[in-house]
Amino acid sequence: MLTQSSTRVLEPADLGAALAVLESAPVENAFVTARVQLAGLDPWRLGGEMWGWYADGELRSLCYSGANLVPICAGPEAVRAFADRARRVGRRCSSIVGPAEPTARLWSLLEPTWGPARDIRAHQPLMVAEEPSATVAPDPLVRRVRKDEMDVIMPACVAMFTEEVGVSPMAGDGGLLYQARVAELVGAGRSFARIEDGKVVFKAEIGAATRQACQIQGVWVAPEHRGKGLSETGMAAVLQYALTDIAPIVSLYVNDYNTPARAAYRRVGFQEVGAFMSVLF
């Protein structure tokens, strides 16, 4: 049976239907769900457009088009529709990121016109934990970063971002947007660190938070302190904070080639449940 499908930019009145799609996969969609719950669907507040794919009049799939292009609950037909729209409007994002299968399909359709990419991370294991670590004791020195410690945390955040992404977040606008994002997380009580003698030893943030799930990001240990197990005890502490104060499921995704980090997260109690993919421009 043939179905009638269409794609359009969603409007504020579509919020309920969009949230129903997002909340059908709360862990995979935590990043976009958190943004939509906070900002709604107005493009100015959301920081981008939300595209909706309809089949027989029902909203089935989404694609967030902002600084990132993110396919959401998208099957092959929806991905093709989103790729067509993305080609028409041109590339305005710095990355494509999302669940590995639809993201790979989307990139295969966009690569002839959008390529080449600066970096492709085709398999980034998605890991979750629903209980505090049973094997690693939380580091008692890991705590929430205070608002008056922005000058302490920022160098560590810049170092982490540069190491992870391959470019400095201070380029372009001098780091104003990045500093604002760090300040937002600190102000929300979602930035955590172990600080010794005015320097960050370990840090991590809870970058996205919804009622159902939250996502840890930006895990970093100062180079001179690596190999001491601080990522494990630090993550055990952040996991405990997250489960106690924020959401019942805690997730993260990690590059598949970062075998030490994957092993550390498994020791803390995280389990792999899927994979993401990132295409960086």
# chains A, B, ... in the order shown; residues from 1 in each chain; ligands from 1
call {"tool": "residues_around", "arguments": {"residues": "segment 18-30 of chain A", "least_positions_apart": "3", "cutoff": "9 Å", "atoms": "only C-alpha atoms", "output": "PDB file with all heavy atoms, in the first residue's frame"}}
result
ATOM      1  N   LEU A  10       8.404  22.646  11.031  1.00  0.00           N
ATOM      2  CA  LEU A  10       7.396  22.644  12.089  1.00  0.00           C
ATOM      3  C   LEU A  10       7.259  24.033  12.708  1.00  0.00           C
ATOM      4  O   LEU A  10       8.193  24.835  12.712  1.00  0.00           O
ATOM      5  CB  LEU A  10       7.751  21.613  13.161  1.00  0.00           C
ATOM      6  CG  LEU A  10       7.828  20.158  12.693  1.00  0.00           C
ATOM      7  CD1 LEU A  10       8.023  19.234  13.885  1.00  0.00           C
ATOM      8  CD2 LEU A  10       6.579  19.754  11.906  1.00  0.00           C
ATOM      9  N   ASP A  14       3.015  22.782  16.568  1.00  0.00           N
ATOM     10  CA  ASP A  14       3.321  21.356  16.388  1.00  0.00           C
ATOM     11  C   ASP A  14       4.087  20.763  17.571  1.00  0.00           C
ATOM     12  O   ASP A  14       4.539  19.615  17.502  1.00  0.00           O
ATOM     13  CB  ASP A  14       4.156  21.159  15.117  1.00  0.00           C
ATOM     14  CG  ASP A  14       3.448  21.654  13.866  1.00  0.00           C
ATOM     15  OD1 ASP A  14       2.290  21.262  13.652  1.00  0.00           O
ATOM     16  OD2 ASP A  14       4.068  22.438  13.114  1.00  0.00           O
ATOM     17  N   LEU A  15       4.232  21.534  18.645  1.00  0.00           N
ATOM     18  CA  LEU A  15       5.109  21.113  19.740  1.00  0.00           C
ATOM     19  C   LEU A  15       4.713  19.762  20.325  1.00  0.00           C
ATOM     20  O   LEU A  15       5.564  18.895  20.551  1.00  0.00           O
ATOM     21  CB  LEU A  15       5.114  22.177  20.835  1.00  0.00           C
ATOM     22  CG  LEU A  15       5.978  21.880  22.074  1.00  0.00           C
ATOM     23  CD1 LEU A  15       7.434  21.696  21.669  1.00  0.00           C
ATOM     24  CD2 LEU A  15       5.828  22.986  23.107  1.00  0.00           C
ATOM     25  N   THR A  33      15.677  16.749  22.465  1.00  0.00           N
ATOM     26  CA  THR A  33      14.517  16.863  23.342  1.00  0.00           C
ATOM     27  C   THR A  33      14.711  17.962  24.366  1.00  0.00           C
ATOM     28  O   THR A  33      13.798  18.766  24.622  1.00  0.00           O
ATOM     29  CB  THR A  33      14.237  15.532  24.054  1.00  0.00           C
ATOM     30  OG1 THR A  33      14.061  14.493  23.095  1.00  0.00           O
ATOM     31  CG2 THR A  33      12.992  15.625  24.921  1.00  0.00           C
ATOM     32  N   ALA A  34      15.900  18.030  24.962  1.00  0.00           N
ATOM     33  CA  ALA A  34      16.171  19.057  25.968  1.00  0.00           C
ATOM     34  C   ALA A  34      16.041  20.450  25.367  1.00  0.00           C
ATOM     35  O   ALA A  34      15.478  21.362  26.002  1.00  0.00           O
ATOM     36  CB  ALA A  34      17.569  18.852  26.555  1.00  0.00           C
ATOM     37  N   ARG A  35      16.543  20.628  24.157  1.00  0.00           N
ATOM     38  CA  ARG A  35      16.442  21.937  23.503  1.00  0.00           C
ATOM     39  C   ARG A  35      14.987  22.307  23.224  1.00  0.00           C
ATOM     40  O   ARG A  35      14.561  23.446  23.442  1.00  0.00           O
ATOM     41  CB  ARG A  35      17.243  21.950  22.203  1.00  0.00           C
ATOM     42  CG  ARG A  35      18.735  21.854  22.377  1.00  0.00           C
ATOM     43  CD  ARG A  35      19.445  22.006  21.044  1.00  0.00           C
ATOM     44  NE  ARG A  35      19.320  23.364  20.529  1.00  0.00           N
ATOM     45  CZ  ARG A  35      20.197  24.337  20.746  1.00  0.00           C
ATOM     46  NH1 ARG A  35      21.256  24.103  21.506  1.00  0.00           N
ATOM     47  NH2 ARG A  35      20.021  25.523  20.218  1.00  0.00           N
ATOM     48  N   VAL A  36      14.217  21.347  22.731  1.00  0.00           N
ATOM     49  CA  VAL A  36      12.826  21.619  22.389  1.00  0.00           C
ATOM     50  C   VAL A  36      11.996  21.883  23.642  1.00  0.00           C
ATOM     51  O   VAL A  36      11.134  22.774  23.660  1.00  0.00           O
ATOM     52  CB  VAL A  36      12.244  20.461  21.565  1.00  0.00           C
ATOM     53  CG1 VAL A  36      10.737  20.620  21.370  1.00  0.00           C
ATOM     54  CG2 VAL A  36      12.944  20.380  20.207  1.00  0.00           C
ATOM     55  N   GLN A  37      12.229  21.123  24.705  1.00  0.00           N
ATOM     56  CA  GLN A  37      11.496  21.355  25.947  1.00  0.00           C
ATOM     57  C   GLN A  37      11.775  22.749  26.498  1.00  0.00           C
ATOM     58  O   GLN A  37      10.899  23.381  27.089  1.00  0.00           O
ATOM     59  CB  GLN A  37      11.854  20.294  26.984  1.00  0.00           C
ATOM     60  CG  GLN A  37      11.265  18.925  26.694  1.00  0.00           C
ATOM     61  CD  GLN A  37      11.652  17.882  27.719  1.00  0.00           C
ATOM     62  OE1 GLN A  37      12.588  18.063  28.497  1.00  0.00           O
ATOM     63  NE2 GLN A  37      10.945  16.768  27.736  1.00  0.00           N
ATOM     64  N   LEU A  41       9.483  25.310  19.447  1.00  0.00           N
ATOM     65  CA  LEU A  41       9.821  25.104  18.037  1.00  0.00           C
ATOM     66  C   LEU A  41      10.030  26.402  17.276  1.00  0.00           C
ATOM     67  O   LEU A  41      10.236  26.369  16.060  1.00  0.00           O
ATOM     68  CB  LEU A  41       8.733  24.270  17.348  1.00  0.00           C
ATOM     69  CG  LEU A  41       8.609  22.814  17.814  1.00  0.00           C
ATOM     70  CD1 LEU A  41       7.443  22.137  17.111  1.00  0.00           C
ATOM     71  CD2 LEU A  41       9.904  22.044  17.578  1.00  0.00           C
ATOM     72  N   MET A  50      13.133  22.899  12.919  1.00  0.00           N
ATOM     73  CA  MET A  50      12.797  21.491  13.098  1.00  0.00           C
ATOM     74  C   MET A  50      11.961  21.066  11.896  1.00  0.00           C
ATOM     75  O   MET A  50      10.887  21.619  11.646  1.00  0.00           O
ATOM     76  CB  MET A  50      12.009  21.266  14.384  1.00  0.00           C
ATOM     77  CG  MET A  50      11.770  19.783  14.670  1.00  0.00           C
ATOM     78  SD  MET A  50      13.282  18.898  15.089  1.00  0.00           S
ATOM     79  CE  MET A  50      13.494  19.473  16.777  1.00  0.00           C
ATOM     80  N   GLY A  52       9.782  18.291   9.887  1.00  0.00           N
ATOM     81  CA  GLY A  52       8.948  17.143  10.200  1.00  0.00           C
ATOM     82  C   GLY A  52       8.611  16.353   8.953  1.00  0.00           C
ATOM     83  O   GLY A  52       8.339  16.937   7.894  1.00  0.00           O
ATOM     84  N   LEU A  59       2.815  12.806  11.955  1.00  0.00           N
ATOM     85  CA  LEU A  59       4.227  13.132  12.110  1.00  0.00           C
ATOM     86  C   LEU A  59       4.977  11.899  12.585  1.00  0.00           C
ATOM     87  O   LEU A  59       4.697  11.367  13.663  1.00  0.00           O
ATOM     88  CB  LEU A  59       4.391  14.284  13.113  1.00  0.00           C
ATOM     89  CG  LEU A  59       5.820  14.779  13.339  1.00  0.00           C
ATOM     90  CD1 LEU A  59       6.422  15.356  12.052  1.00  0.00           C
ATOM     91  CD2 LEU A  59       5.853  15.834  14.445  1.00  0.00           C
ATOM     92  N   ARG A  60       5.939  11.439  11.795  1.00  0.00           N
ATOM     93  CA  ARG A  60       6.659  10.202  12.112  1.00  0.00           C
ATOM     94  C   ARG A  60       8.128  10.438  12.442  1.00  0.00           C
ATOM     95  O   ARG A  60       8.710   9.701  13.250  1.00  0.00           O
ATOM     96  CB  ARG A  60       6.586   9.235  10.927  1.00  0.00           C
ATOM     97  CG  ARG A  60       5.178   8.886  10.480  1.00  0.00           C
ATOM     98  CD  ARG A  60       4.533   7.855  11.372  1.00  0.00           C
ATOM     99  NE  ARG A  60       3.218   7.479  10.882  1.00  0.00           N
ATOM    100  CZ  ARG A  60       2.997   6.539   9.965  1.00  0.00           C
ATOM    101  NH1 ARG A  60       4.009   5.889   9.428  1.00  0.00           N
ATOM    102  NH2 ARG A  60       1.763   6.246   9.584  1.00  0.00           N
ATOM    103  N   SER A  61       8.754  11.427  11.793  1.00  0.00           N
ATOM    104  CA  SER A  61      10.192  11.642  11.935  1.00  0.00           C
ATOM    105  C   SER A  61      10.489  13.128  11.988  1.00  0.00           C
ATOM    106  O   SER A  61       9.711  13.954  11.486  1.00  0.00           O
ATOM    107  CB  SER A  61      10.968  11.003  10.779  1.00  0.00           C
ATOM    108  OG  SER A  61      10.697   9.628  10.664  1.00  0.00           O
ATOM    109  N   LEU A  62      11.655  13.451  12.559  1.00  0.00           N
ATOM    110  CA  LEU A  62      12.096  14.833  12.677  1.00  0.00           C
ATOM    111  C   LEU A  62      13.534  14.955  12.205  1.00  0.00           C
ATOM    112  O   LEU A  62      14.271  13.968  12.138  1.00  0.00           O
ATOM    113  CB  LEU A  62      12.032  15.307  14.136  1.00  0.00           C
ATOM    114  CG  LEU A  62      10.720  15.165  14.891  1.00  0.00           C
ATOM    115  CD1 LEU A  62      10.926  15.455  16.371  1.00  0.00           C
ATOM    116  CD2 LEU A  62       9.669  16.085  14.304  1.00  0.00           C
ATOM    117  N   ILE A  72      16.112  12.267  13.417  1.00  0.00           N
ATOM    118  CA  ILE A  72      15.464  11.766  14.630  1.00  0.00           C
ATOM    119  C   ILE A  72      14.364  10.782  14.247  1.00  0.00           C
ATOM    120  O   ILE A  72      13.428  11.136  13.513  1.00  0.00           O
ATOM    121  CB  ILE A  72      14.867  12.938  15.444  1.00  0.00           C
ATOM    122  CG1 ILE A  72      15.973  13.909  15.876  1.00  0.00           C
ATOM    123  CG2 ILE A  72      14.088  12.429  16.647  1.00  0.00           C
ATOM    124  CD1 ILE A  72      15.481  15.302  16.177  1.00  0.00           C
ATOM    125  N   CYS A  73      14.498   9.544  14.719  1.00  0.00           N
ATOM    126  CA  CYS A  73      13.492   8.505  14.447  1.00  0.00           C
ATOM    127  C   CYS A  73      13.212   8.426  12.948  1.00  0.00           C
ATOM    128  O   CYS A  73      12.039   8.338  12.525  1.00  0.00           O
ATOM    129  CB  CYS A  73      12.206   8.770  15.233  1.00  0.00           C
ATOM    130  SG  CYS A  73      12.434   8.809  17.027  1.00  0.00           S
ATOM    131  N   GLY A  98      23.996  11.872  14.984  1.00  0.00           N
ATOM    132  CA  GLY A  98      22.782  11.190  15.382  1.00  0.00           C
ATOM    133  C   GLY A  98      23.006   9.688  15.413  1.00  0.00           C
ATOM    134  O   GLY A  98      24.142   9.210  15.245  1.00  0.00           O
ATOM    135  N   PRO A  99      21.946   8.915  15.609  1.00  0.00           N
ATOM    136  CA  PRO A  99      22.066   7.460  15.573  1.00  0.00           C
ATOM    137  C   PRO A  99      22.762   7.018  14.287  1.00  0.00           C
ATOM    138  O   PRO A  99      22.520   7.567  13.208  1.00  0.00           O
ATOM    139  CB  PRO A  99      20.607   6.996  15.635  1.00  0.00           C
ATOM    140  CG  PRO A  99      19.910   8.089  16.375  1.00  0.00           C
ATOM    141  CD  PRO A  99      20.574   9.357  15.926  1.00  0.00           C
ATOM    142  N   LEU A 126      27.081   4.259  22.062  1.00  0.00           N
ATOM    143  CA  LEU A 126      26.180   4.932  22.994  1.00  0.00           C
ATOM    144  C   LEU A 126      26.084   4.055  24.231  1.00  0.00           C
ATOM    145  O   LEU A 126      25.756   2.870  24.135  1.00  0.00           O
ATOM    146  CB  LEU A 126      24.809   5.120  22.348  1.00  0.00           C
ATOM    147  CG  LEU A 126      23.698   5.686  23.233  1.00  0.00           C
ATOM    148  CD1 LEU A 126      24.007   7.117  23.659  1.00  0.00           C
ATOM    149  CD2 LEU A 126      22.351   5.616  22.504  1.00  0.00           C
ATOM    150  N   VAL A 128      24.862   3.612  28.482  1.00  0.00           N
ATOM    151  CA  VAL A 128      23.917   4.087  29.488  1.00  0.00           C
ATOM    152  C   VAL A 128      24.188   3.416  30.832  1.00  0.00           C
ATOM    153  O   VAL A 128      24.756   2.317  30.905  1.00  0.00           O
ATOM    154  CB  VAL A 128      22.453   3.823  29.076  1.00  0.00           C
ATOM    155  CG1 VAL A 128      22.126   4.489  27.753  1.00  0.00           C
ATOM    156  CG2 VAL A 128      22.152   2.339  29.019  1.00  0.00           C
ATOM    157  N   ALA A 208      22.916  17.672  28.273  1.00  0.00           N
ATOM    158  CA  ALA A 208      21.493  17.636  27.940  1.00  0.00           C
ATOM    159  C   ALA A 208      20.766  16.939  29.069  1.00  0.00           C
ATOM    160  O   ALA A 208      21.245  15.934  29.599  1.00  0.00           O
ATOM    161  CB  ALA A 208      21.265  16.896  26.627  1.00  0.00           C
ATOM    162  N   ALA A 209      19.610  17.472  29.433  1.00  0.00           N
ATOM    163  CA  ALA A 209      18.854  16.885  30.537  1.00  0.00           C
ATOM    164  C   ALA A 209      17.367  16.995  30.267  1.00  0.00           C
ATOM    165  O   ALA A 209      16.852  18.081  29.979  1.00  0.00           O
ATOM    166  CB  ALA A 209      19.209  17.585  31.850  1.00  0.00           C
ATOM    167  N   THR A 210      16.685  15.865  30.350  1.00  0.00           N
ATOM    168  CA  THR A 210      15.227  15.822  30.279  1.00  0.00           C
ATOM    169  C   THR A 210      14.736  15.062  31.501  1.00  0.00           C
ATOM    170  O   THR A 210      15.533  14.578  32.312  1.00  0.00           O
ATOM    171  CB  THR A 210      14.743  15.116  29.006  1.00  0.00           C
ATOM    172  OG1 THR A 210      14.991  13.699  29.118  1.00  0.00           O
ATOM    173  CG2 THR A 210      15.446  15.650  27.770  1.00  0.00           C
ATOM    174  N   GLN A 212      13.393  12.201  31.399  1.00  0.00           N
ATOM    175  CA  GLN A 212      13.625  10.767  31.212  1.00  0.00           C
ATOM    176  C   GLN A 212      15.094  10.385  31.183  1.00  0.00           C
ATOM    177  O   GLN A 212      15.460   9.274  31.574  1.00  0.00           O
ATOM    178  CB  GLN A 212      12.976  10.307  29.899  1.00  0.00           C
ATOM    179  CG  GLN A 212      11.472  10.450  29.877  1.00  0.00           C
ATOM    180  CD  GLN A 212      11.041  11.632  29.024  1.00  0.00           C
ATOM    181  OE1 GLN A 212      11.735  12.636  28.963  1.00  0.00           O
ATOM    182  NE2 GLN A 212       9.906  11.495  28.370  1.00  0.00           N
ATOM    183  N   ALA A 213      15.964  11.263  30.682  1.00  0.00           N
ATOM    184  CA  ALA A 213      17.362  10.893  30.490  1.00  0.00           C
ATOM    185  C   ALA A 213      18.232  12.135  30.437  1.00  0.00           C
ATOM    186  O   ALA A 213      17.766  13.231  30.121  1.00  0.00           O
ATOM    187  CB  ALA A 213      17.524  10.091  29.191  1.00  0.00           C
ATOM    188  N   CYS A 214      19.503  11.940  30.733  1.00  0.00           N
ATOM    189  CA  CYS A 214      20.472  13.029  30.578  1.00  0.00           C
ATOM    190  C   CYS A 214      21.735  12.468  29.927  1.00  0.00           C
ATOM    191  O   CYS A 214      21.939  11.253  29.879  1.00  0.00           O
ATOM    192  CB  CYS A 214      20.785  13.709  31.908  1.00  0.00           C
ATOM    193  SG  CYS A 214      21.560  12.663  33.158  1.00  0.00           S
ATOM    194  N   GLN A 215      22.564  13.374  29.442  1.00  0.00           N
ATOM    195  CA  GLN A 215      23.738  12.959  28.667  1.00  0.00           C
ATOM    196  C   GLN A 215      24.985  13.666  29.188  1.00  0.00           C
ATOM    197  O   GLN A 215      25.037  14.900  29.235  1.00  0.00           O
ATOM    198  CB  GLN A 215      23.517  13.301  27.197  1.00  0.00           C
ATOM    199  CG  GLN A 215      24.583  12.767  26.258  1.00  0.00           C
ATOM    200  CD  GLN A 215      24.217  13.081  24.811  1.00  0.00           C
ATOM    201  OE1 GLN A 215      24.569  14.131  24.296  1.00  0.00           O
ATOM    202  NE2 GLN A 215      23.518  12.166  24.164  1.00  0.00           N
ATOM    203  N   ILE A 249      18.034   7.844  33.833  1.00  0.00           N
ATOM    204  CA  ILE A 249      18.937   7.188  32.890  1.00  0.00           C
ATOM    205  C   ILE A 249      20.024   8.186  32.509  1.00  0.00           C
ATOM    206  O   ILE A 249      19.729   9.331  32.148  1.00  0.00           O
ATOM    207  CB  ILE A 249      18.210   6.713  31.618  1.00  0.00           C
ATOM    208  CG1 ILE A 249      17.057   5.769  31.962  1.00  0.00           C
ATOM    209  CG2 ILE A 249      19.181   6.018  30.665  1.00  0.00           C
ATOM    210  CD1 ILE A 249      16.232   5.349  30.755  1.00  0.00           C
ATOM    211  N   VAL A 250      21.271   7.752  32.585  1.00  0.00           N
ATOM    212  CA  VAL A 250      22.411   8.610  32.253  1.00  0.00           C
ATOM    213  C   VAL A 250      23.119   7.999  31.053  1.00  0.00           C
ATOM    214  O   VAL A 250      23.408   6.792  31.039  1.00  0.00           O
ATOM    215  CB  VAL A 250      23.381   8.733  33.440  1.00  0.00           C
ATOM    216  CG1 VAL A 250      24.535   9.683  33.106  1.00  0.00           C
ATOM    217  CG2 VAL A 250      22.643   9.222  34.682  1.00  0.00           C
ATOM    218  N   SER A 251      23.383   8.814  30.040  1.00  0.00           N
ATOM    219  CA  SER A 251      23.998   8.299  28.823  1.00  0.00           C
ATOM    220  C   SER A 251      25.232   9.116  28.449  1.00  0.00           C
ATOM    221  O   SER A 251      25.470  10.204  28.977  1.00  0.00           O
ATOM    222  CB  SER A 251      22.996   8.325  27.660  1.00  0.00           C
ATOM    223  OG  SER A 251      22.745   9.664  27.249  1.00  0.00           O
ATOM    224  N   GLY A 274      23.897   1.015  21.765  1.00  0.00           N
ATOM    225  CA  GLY A 274      23.710   1.450  20.394  1.00  0.00           C
ATOM    226  C   GLY A 274      24.932   2.209  19.932  1.00  0.00           C
ATOM    227  O   GLY A 274      26.017   2.092  20.525  1.00  0.00           O
ATOM    228  N   PHE A 276      26.243   6.074  17.841  1.00  0.00           N
ATOM    229  CA  PHE A 276      26.035   7.320  17.141  1.00  0.00           C
ATOM    230  C   PHE A 276      27.075   7.423  16.014  1.00  0.00           C
ATOM    231  O   PHE A 276      28.008   6.645  15.929  1.00  0.00           O
ATOM    232  CB  PHE A 276      26.222   8.516  18.092  1.00  0.00           C
ATOM    233  CG  PHE A 276      24.965   8.930  18.816  1.00  0.00           C
ATOM    234  CD1 PHE A 276      24.177   8.012  19.478  1.00  0.00           C
ATOM    235  CD2 PHE A 276      24.577  10.243  18.841  1.00  0.00           C
ATOM    236  CE1 PHE A 276      23.034   8.390  20.153  1.00  0.00           C
ATOM    237  CE2 PHE A 276      23.432  10.650  19.497  1.00  0.00           C
ATOM    238  CZ  PHE A 276      22.658   9.715  20.159  1.00  0.00           C
TER     239      PHE A 276
END
call {"tool": "residues_around", "arguments": {"residues": "Ser6 of chain A", "least_positions_apart": "4", "cutoff": "10 Å", "atoms": "only C-alpha atoms", "output": "ChimeraX atom specification"}}
result
/A:52-59,78,81
call {"tool": "residues_around", "arguments": {"residues": "Pro116 of chain A", "least_positions_apart": "6", "cutoff": "12 Å", "atoms": "only C-alpha atoms", "output": "PyMOL selection string"}}
result
chain A and resi 107-108+110+279-281
call {"tool": "select_by_dssp", "arguments": {"residues": "segment 7-251 of chain A", "states": "strand (DSSP E)", "output": "count of residues only"}}
result
68
call {"tool": "atom_distance", "arguments": {"atom1": "atom CA of Asn255 of chain A", "atom2": "atom CA of Gly189 of chain A"}}
result
26.1 Å
call {"tool": "select_by_dssp", "arguments": {"residues": "segment 58-248 of chain A", "states": "alpha helix (DSSP H)", "output": "count of residues only"}}
result
77
call {"tool": "residues_around", "arguments": {"residues": "Ala188 of chain A", "least_positions_apart": "5", "cutoff": "12 Å", "atoms": "only C-alpha atoms", "output": "PyMOL selection string"}}
result
chain A and resi 144-147+181-183+205-209+245-246
call {"tool": "write_last_selection", "arguments": {"atoms": "all heavy atoms", "output": "mmCIF file, in the first residue's frame"}}
result
data_model
loop_
_atom_site.group_PDB
_atom_site.id
_atom_site.type_symbol
_atom_site.label_atom_id
_atom_site.label_comp_id
_atom_site.auth_asym_id
_atom_site.auth_seq_id
_atom_site.Cartn_x
_atom_site.Cartn_y
_atom_site.Cartn_z
ATOM 1 N N ARG A 144 30.210 20.308 42.044
ATOM 2 C CA ARG A 144 29.700 21.274 41.078
ATOM 3 C C ARG A 144 30.631 22.480 40.991
ATOM 4 O O ARG A 144 31.146 22.955 42.004
ATOM 5 C CB ARG A 144 28.292 21.727 41.464
ATOM 6 C CG ARG A 144 27.212 20.710 41.134
ATOM 7 C CD ARG A 144 25.826 21.287 41.425
ATOM 8 N NE ARG A 144 24.799 20.479 40.783
ATOM 9 C CZ ARG A 144 24.205 19.438 41.379
ATOM 10 N NH1 ARG A 144 24.540 19.098 42.618
ATOM 11 N NH2 ARG A 144 23.282 18.744 40.730
ATOM 12 N N VAL A 145 30.835 22.964 39.775
ATOM 13 C CA VAL A 145 31.655 24.155 39.566
ATOM 14 C C VAL A 145 30.826 25.381 39.946
ATOM 15 O O VAL A 145 29.655 25.500 39.565
ATOM 16 C CB VAL A 145 32.115 24.243 38.096
ATOM 17 C CG1 VAL A 145 32.902 25.525 37.852
ATOM 18 C CG2 VAL A 145 32.953 23.020 37.731
ATOM 19 N N ARG A 146 31.424 26.289 40.688
ATOM 20 C CA ARG A 146 30.723 27.511 41.108
ATOM 21 C C ARG A 146 30.763 28.571 40.008
ATOM 22 O O ARG A 146 31.642 28.567 39.147
ATOM 23 C CB ARG A 146 31.353 28.086 42.376
ATOM 24 C CG ARG A 146 31.347 27.139 43.578
ATOM 25 C CD ARG A 146 31.738 27.907 44.836
ATOM 26 N NE ARG A 146 33.002 28.608 44.656
ATOM 27 C CZ ARG A 146 34.203 28.126 45.010
ATOM 28 N NH1 ARG A 146 34.283 26.914 45.538
ATOM 29 N NH2 ARG A 146 35.297 28.840 44.820
ATOM 30 N N LYS A 147 29.817 29.487 40.067
ATOM 31 C CA LYS A 147 29.744 30.539 39.054
ATOM 32 C C LYS A 147 30.986 31.433 39.065
ATOM 33 O O LYS A 147 31.346 32.001 38.028
ATOM 34 C CB LYS A 147 28.491 31.383 39.263
ATOM 35 C CG LYS A 147 27.198 30.625 39.000
ATOM 36 C CD LYS A 147 25.984 31.515 39.232
ATOM 37 C CE LYS A 147 24.687 30.742 39.027
ATOM 38 N NZ LYS A 147 23.491 31.586 39.279
ATOM 39 N N ARG A 181 27.923 28.998 26.503
ATOM 40 C CA ARG A 181 27.409 27.653 26.743
ATOM 41 C C ARG A 181 27.999 27.072 28.031
ATOM 42 O O ARG A 181 27.274 26.465 28.833
ATOM 43 C CB ARG A 181 27.740 26.749 25.560
ATOM 44 C CG ARG A 181 27.343 25.286 25.736
ATOM 45 C CD ARG A 181 25.874 25.115 26.019
ATOM 46 N NE ARG A 181 25.507 23.699 26.091
ATOM 47 C CZ ARG A 181 24.407 23.241 26.668
ATOM 48 N NH1 ARG A 181 23.546 24.083 27.238
ATOM 49 N NH2 ARG A 181 24.131 21.943 26.684
ATOM 50 N N VAL A 182 29.296 27.254 28.249
ATOM 51 C CA VAL A 182 29.913 26.776 29.488
ATOM 52 C C VAL A 182 29.278 27.468 30.684
ATOM 53 O O VAL A 182 28.950 26.827 31.702
ATOM 54 C CB VAL A 182 31.436 27.002 29.458
ATOM 55 C CG1 VAL A 182 32.056 26.653 30.812
ATOM 56 C CG2 VAL A 182 32.082 26.166 28.353
ATOM 57 N N ALA A 183 29.076 28.777 30.586
ATOM 58 C CA ALA A 183 28.466 29.533 31.679
ATOM 59 C C ALA A 183 27.044 29.047 31.955
ATOM 60 O O ALA A 183 26.605 28.985 33.117
ATOM 61 C CB ALA A 183 28.468 31.019 31.354
ATOM 62 N N GLU A 205 30.548 17.502 32.079
ATOM 63 C CA GLU A 205 29.293 18.230 32.171
ATOM 64 C C GLU A 205 28.127 17.315 31.818
ATOM 65 O O GLU A 205 28.300 16.331 31.102
ATOM 66 C CB GLU A 205 29.263 19.427 31.196
ATOM 67 C CG GLU A 205 30.274 20.512 31.482
ATOM 68 C CD GLU A 205 31.592 20.278 30.771
ATOM 69 O OE1 GLU A 205 31.588 19.790 29.622
ATOM 70 O OE2 GLU A 205 32.649 20.563 31.398
ATOM 71 N N ILE A 206 26.971 17.665 32.321
ATOM 72 C CA ILE A 206 25.732 17.053 31.859
ATOM 73 C C ILE A 206 25.162 18.028 30.846
ATOM 74 O O ILE A 206 24.569 19.049 31.191
ATOM 75 C CB ILE A 206 24.765 16.786 33.017
ATOM 76 C CG1 ILE A 206 25.407 15.788 33.990
ATOM 77 C CG2 ILE A 206 23.439 16.240 32.499
ATOM 78 C CD1 ILE A 206 24.628 15.564 35.260
ATOM 79 N N GLY A 207 25.399 17.745 29.571
ATOM 80 C CA GLY A 207 25.099 18.702 28.525
ATOM 81 C C GLY A 207 23.643 18.774 28.144
ATOM 82 O O GLY A 207 23.153 19.809 27.714
ATOM 83 N N ALA A 208 22.916 17.672 28.273
ATOM 84 C CA ALA A 208 21.493 17.636 27.940
ATOM 85 C C ALA A 208 20.766 16.939 29.069
ATOM 86 O O ALA A 208 21.245 15.934 29.599
ATOM 87 C CB ALA A 208 21.265 16.896 26.627
ATOM 88 N N ALA A 209 19.610 17.472 29.433
ATOM 89 C CA ALA A 209 18.854 16.885 30.537
ATOM 90 C C ALA A 209 17.367 16.995 30.267
ATOM 91 O O ALA A 209 16.852 18.081 29.979
ATOM 92 C CB ALA A 209 19.209 17.585 31.850
ATOM 93 N N ASP A 245 19.937 13.780 41.114
ATOM 94 C CA ASP A 245 19.361 15.121 40.940
ATOM 95 C C ASP A 245 18.684 15.378 39.596
ATOM 96 O O ASP A 245 17.938 16.356 39.477
ATOM 97 C CB ASP A 245 20.457 16.181 41.118
ATOM 98 C CG ASP A 245 21.089 16.160 42.498
ATOM 99 O OD1 ASP A 245 20.444 15.629 43.433
ATOM 100 O OD2 ASP A 245 22.210 16.671 42.643
ATOM 101 N N ILE A 246 18.962 14.553 38.570
ATOM 102 C CA ILE A 246 18.553 14.983 37.234
ATOM 103 C C ILE A 246 17.635 14.001 36.517
ATOM 104 O O ILE A 246 16.535 14.362 36.109
ATOM 105 C CB ILE A 246 19.801 15.291 36.376
ATOM 106 C CG1 ILE A 246 20.586 16.442 37.044
ATOM 107 C CG2 ILE A 246 19.407 15.655 34.945
ATOM 108 C CD1 ILE A 246 21.857 16.821 36.365
#
call {"tool": "closest_residue", "arguments": {"among": "A:Ser133, A:Ser168, A:Gln271, A:Ser95", "to": "Val254 of chain A", "atoms": "only C-alpha atoms"}}
result
A:Gln271
call {"tool": "residues_around", "arguments": {"residues": "Pro112 of chain A", "least_positions_apart": "6", "cutoff": "12 Å", "atoms": "only C-alpha atoms", "output": "list in words"}}
result
Ala83, Arg87 and Leu106 of chain A
call {"tool": "closest_residue", "arguments": {"among": "A:Arg8, A:His225, A:Arg105, A:Lys199", "to": "Arg85 of chain A", "atoms": "only C-alpha atoms"}}
result
A:Arg8
call {"tool": "closest_residue", "arguments": {"among": "A:Pro102, A:Gly198, A:Gly175, A:Pro140", "to": "Ala275 of chain A", "atoms": "only C-alpha atoms"}}
result
A:Pro102
